[in-house]
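Participant: TSV, C-alpha atoms, file data_31.tsv:
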```tsv
chain	number	residue	atom	x	y	z
A	1	GLU	CA	-140.09	49.83	170.34
A	2	ASP	CA	-138.40	46.44	169.94
A	3	GLN	CA	-140.94	43.72	169.34
A	4	VAL	CA	-138.64	40.84	170.29
A	5	THR	CA	-136.03	41.14	173.04
A	6	GLN	CA	-133.58	38.46	174.13
A	7	SER	CA	-131.67	38.35	177.38
A	8	PRO	CA	-128.97	38.08	178.39
A	9	GLU	CA	-126.93	39.26	175.39
A	10	ALA	CA	-124.10	36.94	176.43
A	11	LEU	CA	-123.88	34.08	178.89
A	12	ARG	CA	-120.88	32.14	180.13
A	13	LEU	CA	-121.49	28.80	181.83
A	14	GLN	CA	-119.33	26.05	183.18
A	15	GLU	CA	-119.93	22.65	181.69
A	16	GLY	CA	-122.86	21.08	183.53
A	17	GLU	CA	-124.19	24.40	184.85
A	18	SER	CA	-127.86	24.59	183.77
A	19	SER	CA	-129.43	27.93	182.84
A	20	SER	CA	-132.19	29.61	180.83
A	21	LEU	CA	-132.29	32.09	177.98
A	22	ASN	CA	-135.21	34.50	177.68
A	23	CYS	CA	-137.12	35.81	174.66
A	24	SER	CA	-139.87	38.35	175.33
A	25	TYR	CA	-142.23	39.67	172.66
A	26	THR	CA	-144.83	42.41	172.40
A	27	VAL	CA	-146.67	41.46	169.21
A	28	SER	CA	-150.39	40.66	169.15
A	29	GLY	CA	-151.83	37.66	167.38
A	30	LEU	CA	-148.80	35.40	167.69
A	31	ARG	CA	-148.76	32.68	165.04
A	32	GLY	CA	-145.47	31.09	166.04
A	33	LEU	CA	-142.30	31.59	168.06
A	34	PHE	CA	-139.16	29.99	166.67
A	35	TRP	CA	-135.80	29.14	168.23
A	36	TYR	CA	-132.63	28.81	166.17
A	37	ARG	CA	-129.02	27.98	166.93
A	38	GLN	CA	-126.30	29.71	164.92
A	39	ASP	CA	-122.61	28.84	164.84
A	40	PRO	CA	-120.13	31.54	163.69
A	41	GLY	CA	-120.14	32.05	159.93
A	42	LYS	CA	-122.99	29.56	159.36
A	43	GLY	CA	-126.71	29.80	158.72
A	44	PRO	CA	-129.18	29.52	161.62
A	45	GLU	CA	-130.22	25.95	162.43
A	46	PHE	CA	-133.90	25.48	163.25
A	47	LEU	CA	-134.58	24.08	166.73
A	48	PHE	CA	-138.22	24.54	167.80
A	49	THR	CA	-141.55	26.08	166.94
A	50	LEU	CA	-144.00	27.01	169.71
A	51	TYR	CA	-147.53	28.03	168.84
A	52	SER	CA	-149.48	28.63	172.05
A	53	ALA	CA	-148.98	29.46	175.72
A	54	GLY	CA	-148.19	26.41	177.80
A	55	GLU	CA	-146.56	24.53	174.95
A	56	GLU	CA	-143.18	22.85	175.56
A	57	LYS	CA	-140.70	21.21	173.18
A	58	GLU	CA	-137.55	19.24	174.01
A	59	LYS	CA	-134.48	18.15	172.11
A	60	GLU	CA	-131.53	16.57	173.89
A	61	ARG	CA	-130.36	19.11	176.51
A	62	LEU	CA	-132.69	21.86	175.28
A	63	LYS	CA	-136.24	22.58	176.36
A	64	ALA	CA	-138.31	25.48	175.05
A	65	THR	CA	-141.40	26.84	176.79
A	66	LEU	CA	-143.89	29.56	175.90
A	67	THR	CA	-146.09	31.92	177.89
A	68	LYS	CA	-148.31	34.74	176.63
A	69	LYS	CA	-145.43	37.24	176.65
A	70	GLU	CA	-142.19	35.28	176.63
A	71	SER	CA	-140.36	32.09	175.87
A	72	PHE	CA	-137.55	30.37	177.69
A	73	LEU	CA	-134.88	28.10	176.31
A	74	HIS	CA	-133.66	25.91	179.17
A	75	ILE	CA	-130.26	24.27	178.77
A	76	THR	CA	-129.69	21.34	181.11
A	77	ALA	CA	-126.13	20.27	181.92
A	78	PRO	CA	-124.63	22.06	178.91
A	79	LYS	CA	-121.53	20.85	177.10
A	80	PRO	CA	-118.90	22.94	175.28
A	81	GLU	CA	-120.47	21.94	171.97
A	82	ASP	CA	-123.63	23.83	172.99
A	83	SER	CA	-121.66	27.08	172.62
A	84	ALA	CA	-123.37	29.15	169.90
A	85	THR	CA	-125.68	32.11	169.41
A	86	TYR	CA	-129.32	31.29	170.10
A	87	LEU	CA	-131.86	33.36	168.18
A	88	CYS	CA	-135.59	33.59	168.70
A	89	ALA	CA	-138.01	34.95	166.13
A	90	VAL	CA	-141.75	35.53	166.00
A	91	ASN	CA	-144.41	35.55	163.31
A	92	TRP	CA	-147.76	37.17	163.96
A	93	VAL	CA	-151.02	37.70	162.11
A	94	GLU	CA	-150.15	41.05	160.50
A	95	ALA	CA	-146.61	39.96	159.55
A	96	GLY	CA	-147.49	37.72	156.63
A	97	ASN	CA	-144.52	35.44	156.05
A	98	MET	CA	-142.06	37.69	157.86
A	99	LEU	CA	-140.10	36.78	160.97
A	100	THR	CA	-138.92	39.37	163.46
A	101	PHE	CA	-135.73	38.30	165.21
A	102	GLY	CA	-134.45	39.15	168.65
A	103	GLY	CA	-130.85	40.24	169.05
A	104	GLY	CA	-129.67	36.79	170.10
A	105	THR	CA	-127.90	35.34	173.14
A	106	ARG	CA	-124.25	34.34	172.71
A	107	LEU	CA	-123.68	31.28	174.87
A	108	MET	CA	-120.21	30.08	175.82
A	109	VAL	CA	-119.83	26.84	177.77
A	110	LYS	CA	-116.41	26.27	179.28
A	111	PRO	CA	-115.10	22.78	180.06
B	1	ASP	CA	-134.91	16.59	153.61
B	2	THR	CA	-134.65	20.03	155.25
B	3	GLU	CA	-131.70	21.28	153.24
B	4	VAL	CA	-131.30	24.64	151.59
B	5	THR	CA	-128.16	24.95	149.48
B	6	GLN	CA	-126.32	28.15	148.58
B	7	THR	CA	-123.49	28.86	146.18
B	8	PRO	CA	-120.85	30.11	146.32
B	9	LYS	CA	-119.72	29.74	149.94
B	10	HIS	CA	-117.35	32.68	149.63
B	11	LEU	CA	-117.26	35.58	147.16
B	12	VAL	CA	-114.83	38.44	146.83
B	13	MET	CA	-115.75	41.15	144.36
B	14	GLY	CA	-114.73	44.63	143.36
B	15	MET	CA	-117.13	47.55	143.35
B	16	THR	CA	-117.50	47.41	139.56
B	17	ASN	CA	-118.14	43.66	139.29
B	18	LYS	CA	-121.41	41.86	138.59
B	19	LYS	CA	-121.98	38.58	140.40
B	20	SER	CA	-124.87	36.36	141.44
B	21	LEU	CA	-125.71	34.34	144.53
B	22	LYS	CA	-127.75	31.17	144.09
B	23	CYS	CA	-130.10	29.29	146.41
B	24	GLU	CA	-131.99	26.02	145.95
B	25	GLN	CA	-134.50	24.03	148.00
B	26	HIS	CA	-136.46	20.86	147.27
B	27	MET	CA	-138.84	20.85	150.23
B	28	GLY	CA	-141.82	22.11	148.24
B	29	HIS	CA	-141.76	25.43	150.09
B	30	ARG	CA	-143.57	28.25	148.32
B	31	ALA	CA	-141.92	31.11	150.23
B	32	MET	CA	-138.24	31.97	149.82
B	33	TYR	CA	-136.22	34.73	151.46
B	34	TRP	CA	-132.97	36.65	151.24
B	35	TYR	CA	-131.38	37.97	154.43
B	36	LYS	CA	-128.24	40.00	155.12
B	37	GLN	CA	-126.35	39.42	158.36
B	38	LYS	CA	-123.58	41.52	159.85
B	39	ALA	CA	-121.31	40.25	162.62
B	40	LYS	CA	-123.01	39.88	166.03
B	41	LYS	CA	-126.37	41.01	164.61
B	42	PRO	CA	-129.50	39.00	163.79
B	43	PRO	CA	-130.43	38.34	160.16
B	44	GLU	CA	-131.98	41.34	158.42
B	45	LEU	CA	-134.71	40.62	155.88
B	46	MET	CA	-134.11	41.86	152.32
B	47	PHE	CA	-136.67	40.16	150.04
B	48	VAL	CA	-139.55	37.69	150.25
B	49	TYR	CA	-140.93	35.65	147.36
B	50	SER	CA	-144.30	33.92	147.70
B	51	TYR	CA	-145.37	31.60	144.87
B	52	GLU	CA	-142.46	32.95	142.78
B	53	LYS	CA	-143.68	36.53	143.08
B	54	LEU	CA	-141.83	39.24	144.96
B	55	SER	CA	-144.04	40.11	147.90
B	56	ILE	CA	-141.71	42.08	150.17
B	57	ASN	CA	-138.78	44.36	149.38
B	58	GLU	CA	-137.43	45.89	152.56
B	59	SER	CA	-136.20	49.12	150.95
B	60	VAL	CA	-133.10	47.41	149.63
B	61	PRO	CA	-130.84	49.46	147.28
B	62	SER	CA	-131.25	48.70	143.58
B	63	ARG	CA	-127.69	47.33	143.38
B	64	PHE	CA	-129.29	44.16	144.81
B	65	SER	CA	-131.68	42.50	142.34
B	66	PRO	CA	-133.55	39.32	143.27
B	67	GLU	CA	-134.91	36.73	140.86
B	68	CYS	CA	-137.04	33.63	141.37
B	69	PRO	CA	-136.83	31.51	138.17
B	70	ASN	CA	-139.02	28.72	139.60
B	71	SER	CA	-140.37	27.40	142.90
B	72	SER	CA	-137.04	25.78	143.85
B	73	LEU	CA	-134.53	28.45	142.87
B	74	LEU	CA	-133.73	31.93	144.12
B	75	ASN	CA	-131.00	34.21	142.84
B	76	LEU	CA	-129.58	37.49	144.08
B	77	HIS	CA	-127.82	39.56	141.43
B	78	LEU	CA	-125.17	41.97	142.66
B	79	HIS	CA	-123.87	45.03	140.82
B	80	ALA	CA	-121.79	48.05	141.85
B	81	LEU	CA	-121.72	47.06	145.51
B	82	GLN	CA	-120.11	49.11	148.26
B	83	PRO	CA	-117.66	47.87	150.91
B	84	GLU	CA	-120.41	48.24	153.54
B	85	ASP	CA	-122.35	45.53	151.68
B	86	SER	CA	-119.81	42.98	152.89
B	87	ALA	CA	-121.76	40.49	155.04
B	88	LEU	CA	-123.10	36.95	155.29
B	89	TYR	CA	-126.01	36.55	152.84
B	90	LEU	CA	-128.54	33.93	153.87
B	91	CYS	CA	-131.27	32.26	151.89
B	92	ALA	CA	-134.23	30.61	153.61
B	93	SER	CA	-137.42	28.84	152.62
B	94	SER	CA	-140.65	27.89	154.34
B	95	HIS	CA	-144.24	26.89	154.00
B	96	LEU	CA	-146.27	30.06	154.33
B	97	ALA	CA	-145.98	31.64	157.82
B	98	ARG	CA	-144.16	28.58	159.19
B	99	GLU	CA	-140.62	27.95	160.42
B	100	GLN	CA	-137.94	29.01	157.97
B	101	PHE	CA	-135.04	26.77	157.04
B	102	PHE	CA	-131.80	28.55	156.30
B	103	GLY	CA	-128.95	27.73	153.97
B	104	PRO	CA	-125.28	27.88	155.04
B	105	GLY	CA	-124.85	31.38	153.64
B	106	THR	CA	-122.50	33.13	151.26
B	107	ARG	CA	-119.72	35.20	152.84
B	108	LEU	CA	-119.42	38.26	150.60
B	109	THR	CA	-116.47	40.63	150.70
B	110	VAL	CA	-116.56	43.82	148.61
B	111	LEU	CA	-113.20	45.44	147.99
```
Mind turning the file's structure into structure tokens?
Facilitator:
Amino acid sequence: EDQVTQSPEALRLQEGESSSLNCSYTVSGLRGLFWYRQDPGKGPEFLFTLYSAGEEKEKERLKATLTKKESFLHITAPKPEDSATYLCAVNWVEAGNMLTFGGGTRLMVKP
Amino acid sequence: DTEVTQTPKHLVMGMTNKKSLKCEQHMGHRAMYWYKQKAKKPPELMFVYSYEKLSINESVPSRFSPECPNSSLLNLHLHALQPEDSALYLCASSHLAREQFFGPGTRLTVL
């Protein structure tokens, strides 16, 4: 059973069309949920860490939220430069230092 | 400074060659990681070092040999690789059980 699931797998938006990406998890004892952005052929770029349900973090057009079973990455008025793959990952009590990644959402924003 | 550096950026090697990938961080992180990433897939954990000791080896073939000479450096020695080992190899570092910061990766091609 997958412990971290992201949806949708791919998303196409028009510039300015706001939307949300989903990351659901089934682990117990969550210690942190992490969002990353990855451009093709490059390493993932850290965006946010969320630790507890109800927590929210914002950075420019991105806002991440966390509930007890899922996280959302809201993209407000996206621009073409927001096109990338967005990865979420979780760490939980029994995982030590390990992260478990979701499959990612490939976002394409058209001008 | 949240930078992790990796060298080389690109590497092409034959199946009989021996080569090494290098990773360096100066953030005082005591956990360092090697990941392998195939196209359109999330990073796949290979090795974890905590306090310069190998703590996790995710059943990686012995043709991959990690080394942690000190708290800032991480190497991955490669020998007798197969074409299916061609991938993006990522290094990351973190404080224990916290967000991981990734390097830009080494694009490895095995001929």
Participant: If I take CA of Gly41 in chain A and CA of Phe64 in chain B, how far is one from the other in Å, to one decimal?
Facilitator: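 Separation between CA of Gly41 in chain A and CA of Phe64 in chain B: 21.4 Å.
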Participant: Enter the distance from CA of Tyr51 in chain A to CA of Met46 in chain B, in Å, rounded to one decimal.
Facilitator: 25.4 Å
Participant: List every residue of chain A that has an atom at most 9 Å from any atom of chain B, and for each one report the closest atom pair and its distance in Å to one decimal, counting all atoms listed in the file, with rows sorted by chain and then by increasing residue number, as a tab-separated table.
Facilitator:
```
residue	atom	partner	partner_atom	distance
A:Arg31	CA	B:Ala97	CA	7.8
A:Gly32	CA	B:Arg98	CA	7.4
A:Leu33	CA	B:Glu99	CA	8.6
A:Phe34	CA	B:Glu99	CA	6.7
A:Pro40	CA	B:Ala39	CA	8.9
A:Gly41	CA	B:Leu88	CA	7.4
A:Lys42	CA	B:Pro104	CA	5.2
A:Gly43	CA	B:Pro104	CA	4.4
A:Pro44	CA	B:Phe102	CA	6.0
A:Glu45	CA	B:Phe102	CA	6.8
A:Phe46	CA	B:Phe101	CA	6.4
A:Phe48	CA	B:Glu99	CA	8.5
A:Thr49	CA	B:Glu99	CA	6.8
A:Thr85	CA	B:Lys40	CA	8.9
A:Leu87	CA	B:Pro42	CA	7.5
A:Asn91	CA	B:Ala97	CA	6.9
A:Trp92	CA	B:Ala97	CA	8.5
A:Val93	CA	B:Ala97	CA	9.0
A:Ala95	CA	B:Ala97	CA	8.5
A:Gly96	CA	B:Ala97	CA	6.4
A:Asn97	CA	B:Ala97	CA	4.4
A:Met98	CA	B:Ala97	CA	7.2
A:Leu99	CA	B:Leu45	CA	8.3
A:Thr100	CA	B:Leu45	CA	8.8
A:Phe101	CA	B:Pro42	CA	6.4
A:Gly102	CA	B:Pro42	CA	6.9
A:Gly103	CA	B:Pro42	CA	5.6
A:Gly104	CA	B:Pro42	CA	6.7
A:Arg106	CA	B:Lys40	CA	8.8
```
Participant: Based on the selection just made, write C-alpha atoms of those residues as a compact mmCIF listing (two decimals), keeping the file's coordinate frame.
Facilitator:
```
# COMPACT_ATOMS: atom_id res chain seq x y z
CA ARG A 31 -148.76 32.68 165.04
CA GLY A 32 -145.47 31.09 166.04
CA LEU A 33 -142.30 31.59 168.06
CA PHE A 34 -139.16 29.99 166.67
CA PRO A 40 -120.13 31.54 163.69
CA GLY A 41 -120.14 32.05 159.93
CA LYS A 42 -122.99 29.56 159.36
CA GLY A 43 -126.71 29.80 158.72
CA PRO A 44 -129.18 29.52 161.62
CA GLU A 45 -130.22 25.95 162.43
CA PHE A 46 -133.90 25.48 163.25
CA PHE A 48 -138.22 24.54 167.80
CA THR A 49 -141.55 26.08 166.94
CA THR A 85 -125.68 32.11 169.41
CA LEU A 87 -131.86 33.36 168.18
CA ASN A 91 -144.41 35.55 163.31
CA TRP A 92 -147.76 37.17 163.96
CA VAL A 93 -151.02 37.70 162.11
CA ALA A 95 -146.61 39.96 159.55
CA GLY A 96 -147.49 37.72 156.63
CA ASN A 97 -144.52 35.44 156.05
CA MET A 98 -142.06 37.69 157.86
CA LEU A 99 -140.10 36.78 160.97
CA THR A 100 -138.92 39.37 163.46
CA PHE A 101 -135.73 38.30 165.21
CA GLY A 102 -134.45 39.15 168.65
CA GLY A 103 -130.85 40.24 169.05
CA GLY A 104 -129.67 36.79 170.10
CA ARG A 106 -124.25 34.34 172.71
```
Participant: Write out as a list in words the residues lying within 8 Å of range 7-18 of chain A, counting all atoms listed in the file and excluding same-chain residues fewer than 3 positions away.
Facilitator: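 Skipping anything fewer than 3 positions along the chain leaves Leu21, Asn22, Cys23, His74, Ile75, Thr76, Ala77, Pro78, Lys79, Pro80, Gly103, Gly104, Thr105, Arg106, Leu107, Met108, Val109, Lys110 and Pro111 of chain A.
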Participant: Would you please work out which residue, of B:Thr16, B:Gln82, B:Asn75, B:Gln25, is nearest to Pro61 in chain B when using only C-alpha atoms?
Facilitator: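 Going through B:Thr16, B:Gln82, B:Asn75, B:Gln25 one by one, the smallest distance to Pro61 in chain B is for B:Gln82.
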Participant: With C-alpha atoms as the atom set, please write chain B from the structure just given, as an mmCIF file, in the first residue's frame.
Facilitator:
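Contents of result-v4.cif, as written:
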```cif
data_model
loop_
_atom_site.group_PDB
_atom_site.id
_atom_site.type_symbol
_atom_site.label_atom_id
_atom_site.label_comp_id
_atom_site.auth_asym_id
_atom_site.auth_seq_id
_atom_site.Cartn_x
_atom_site.Cartn_y
_atom_site.Cartn_z
ATOM 1 C CA ASP B 1 23.777 28.931 3.102
ATOM 2 C CA THR B 2 21.552 26.026 2.024
ATOM 3 C CA GLU B 3 23.770 24.750 -0.764
ATOM 4 C CA VAL B 4 24.757 21.179 -1.469
ATOM 5 C CA THR B 5 27.305 20.813 -4.259
ATOM 6 C CA GLN B 6 27.859 17.760 -6.450
ATOM 7 C CA THR B 7 30.548 16.901 -8.970
ATOM 8 C CA PRO B 8 30.645 16.076 -11.773
ATOM 9 C CA LYS B 9 27.451 17.412 -13.355
ATOM 10 C CA HIS B 10 27.582 14.816 -16.110
ATOM 11 C CA LEU B 11 29.391 11.468 -16.316
ATOM 12 C CA VAL B 12 29.580 8.950 -19.118
ATOM 13 C CA MET B 13 31.241 5.648 -18.304
ATOM 14 C CA GLY B 14 31.688 2.206 -19.737
ATOM 15 C CA MET B 15 30.654 -0.934 -17.887
ATOM 16 C CA THR B 16 34.270 -1.710 -16.932
ATOM 17 C CA ASN B 17 35.160 1.761 -15.631
ATOM 18 C CA LYS B 18 35.597 2.907 -12.039
ATOM 19 C CA LYS B 19 34.421 6.409 -11.199
ATOM 20 C CA SER B 20 33.328 8.405 -8.176
ATOM 21 C CA LEU B 21 30.616 10.950 -7.484
ATOM 22 C CA LYS B 22 31.299 13.641 -4.896
ATOM 23 C CA CYS B 23 29.014 15.669 -2.642
ATOM 24 C CA GLU B 24 29.770 18.470 -0.178
ATOM 25 C CA GLN B 25 27.744 20.529 2.295
ATOM 26 C CA HIS B 26 28.719 23.164 4.854
ATOM 27 C CA MET B 27 25.441 23.538 6.721
ATOM 28 C CA GLY B 28 26.548 21.476 9.716
ATOM 29 C CA HIS B 29 24.106 18.703 8.814
ATOM 30 C CA ARG B 30 24.901 15.342 10.371
ATOM 31 C CA ALA B 31 22.796 13.232 7.992
ATOM 32 C CA MET B 32 23.689 12.790 4.322
ATOM 33 C CA TYR B 33 21.930 10.770 1.640
ATOM 34 C CA TRP B 34 22.351 9.298 -1.819
ATOM 35 C CA TYR B 35 19.313 8.956 -4.072
ATOM 36 C CA LYS B 36 18.817 7.577 -7.576
ATOM 37 C CA GLN B 37 16.167 9.121 -9.804
ATOM 38 C CA LYS B 38 14.816 7.804 -13.085
ATOM 39 C CA ALA B 39 12.828 9.955 -15.500
ATOM 40 C CA LYS B 40 9.308 10.868 -14.300
ATOM 41 C CA LYS B 41 9.833 9.013 -11.002
ATOM 42 C CA PRO B 42 10.445 10.355 -7.488
ATOM 43 C CA PRO B 43 13.901 10.040 -5.924
ATOM 44 C CA GLU B 44 14.681 6.537 -4.657
ATOM 45 C CA LEU B 45 16.768 6.297 -1.488
ATOM 46 C CA MET B 46 20.048 4.371 -1.749
ATOM 47 C CA PHE B 47 22.114 5.149 1.376
ATOM 48 C CA VAL B 48 21.884 7.200 4.567
ATOM 49 C CA TYR B 49 24.815 8.327 6.695
ATOM 50 C CA SER B 50 24.221 9.630 10.218
ATOM 51 C CA TYR B 51 27.209 11.078 12.073
ATOM 52 C CA GLU B 52 29.488 9.688 9.337
ATOM 53 C CA LYS B 53 28.253 6.138 9.873
ATOM 54 C CA LEU B 54 26.230 4.198 7.331
ATOM 55 C CA SER B 55 22.822 3.740 8.892
ATOM 56 C CA ILE B 56 20.671 2.659 5.945
ATOM 57 C CA ASN B 57 21.513 0.667 2.821
ATOM 58 C CA GLU B 58 18.393 0.098 0.773
ATOM 59 C CA SER B 59 19.511 -3.222 -0.730
ATOM 60 C CA VAL B 60 21.701 -1.466 -3.259
ATOM 61 C CA PRO B 61 23.965 -3.682 -5.452
ATOM 62 C CA SER B 62 27.605 -3.850 -4.365
ATOM 63 C CA ARG B 63 28.720 -2.109 -7.567
ATOM 64 C CA PHE B 64 27.701 1.072 -5.692
ATOM 65 C CA SER B 65 29.966 1.788 -2.714
ATOM 66 C CA PRO B 66 29.370 4.826 -0.493
ATOM 67 C CA GLU B 67 31.960 6.593 1.631
ATOM 68 C CA CYS B 68 31.711 9.425 4.150
ATOM 69 C CA PRO B 69 35.253 10.766 4.795
ATOM 70 C CA ASN B 70 34.035 13.491 7.179
ATOM 71 C CA SER B 71 30.883 15.336 8.218
ATOM 72 C CA SER B 72 30.911 17.561 5.103
ATOM 73 C CA LEU B 73 31.776 15.088 2.358
ATOM 74 C CA LEU B 74 30.014 12.122 0.797
ATOM 75 C CA ASN B 75 31.294 9.990 -2.054
ATOM 76 C CA LEU B 76 29.700 7.297 -4.178
ATOM 77 C CA HIS B 77 32.146 4.931 -5.837
ATOM 78 C CA LEU B 78 30.964 3.233 -9.009
ATOM 79 C CA HIS B 79 32.356 0.033 -10.514
ATOM 80 C CA ALA B 80 31.137 -2.372 -13.202
ATOM 81 C CA LEU B 81 27.838 -0.578 -13.664
ATOM 82 C CA GLN B 82 25.071 -1.712 -15.991
ATOM 83 C CA PRO B 83 23.222 0.415 -18.570
ATOM 84 C CA GLU B 84 20.113 0.298 -16.350
ATOM 85 C CA ASP B 85 22.092 2.229 -13.722
ATOM 86 C CA SER B 86 21.918 5.302 -15.947
ATOM 87 C CA ALA B 87 19.987 7.931 -13.956
ATOM 88 C CA LEU B 88 20.221 11.229 -12.088
ATOM 89 C CA TYR B 89 22.121 10.679 -8.823
ATOM 90 C CA LEU B 90 21.192 13.099 -6.072
ATOM 91 C CA CYS B 91 22.933 13.901 -2.824
ATOM 92 C CA ALA B 92 21.062 15.497 0.075
ATOM 93 C CA SER B 93 21.787 16.556 3.624
ATOM 94 C CA SER B 94 19.723 17.448 6.675
ATOM 95 C CA HIS B 95 19.589 17.857 10.389
ATOM 96 C CA LEU B 96 18.257 14.605 11.778
ATOM 97 C CA ALA B 97 14.640 13.920 10.705
ATOM 98 C CA ARG B 98 14.269 17.417 9.243
ATOM 99 C CA GLU B 99 13.875 18.780 5.713
ATOM 100 C CA GLN B 100 16.508 17.546 3.294
ATOM 101 C CA PHE B 101 18.388 19.878 0.986
ATOM 102 C CA PHE B 102 19.338 18.415 -2.355
ATOM 103 C CA GLY B 103 22.273 19.056 -4.637
ATOM 104 C CA PRO B 104 21.894 19.639 -8.394
ATOM 105 C CA GLY B 105 22.608 15.997 -9.197
ATOM 106 C CA THR B 106 24.983 14.074 -11.426
ATOM 107 C CA ARG B 107 23.555 12.808 -14.714
ATOM 108 C CA LEU B 108 25.142 9.380 -15.189
ATOM 109 C CA THR B 109 25.108 7.503 -18.481
ATOM 110 C CA VAL B 110 26.458 3.944 -18.610
ATOM 111 C CA LEU B 111 27.347 2.683 -22.065
#
```
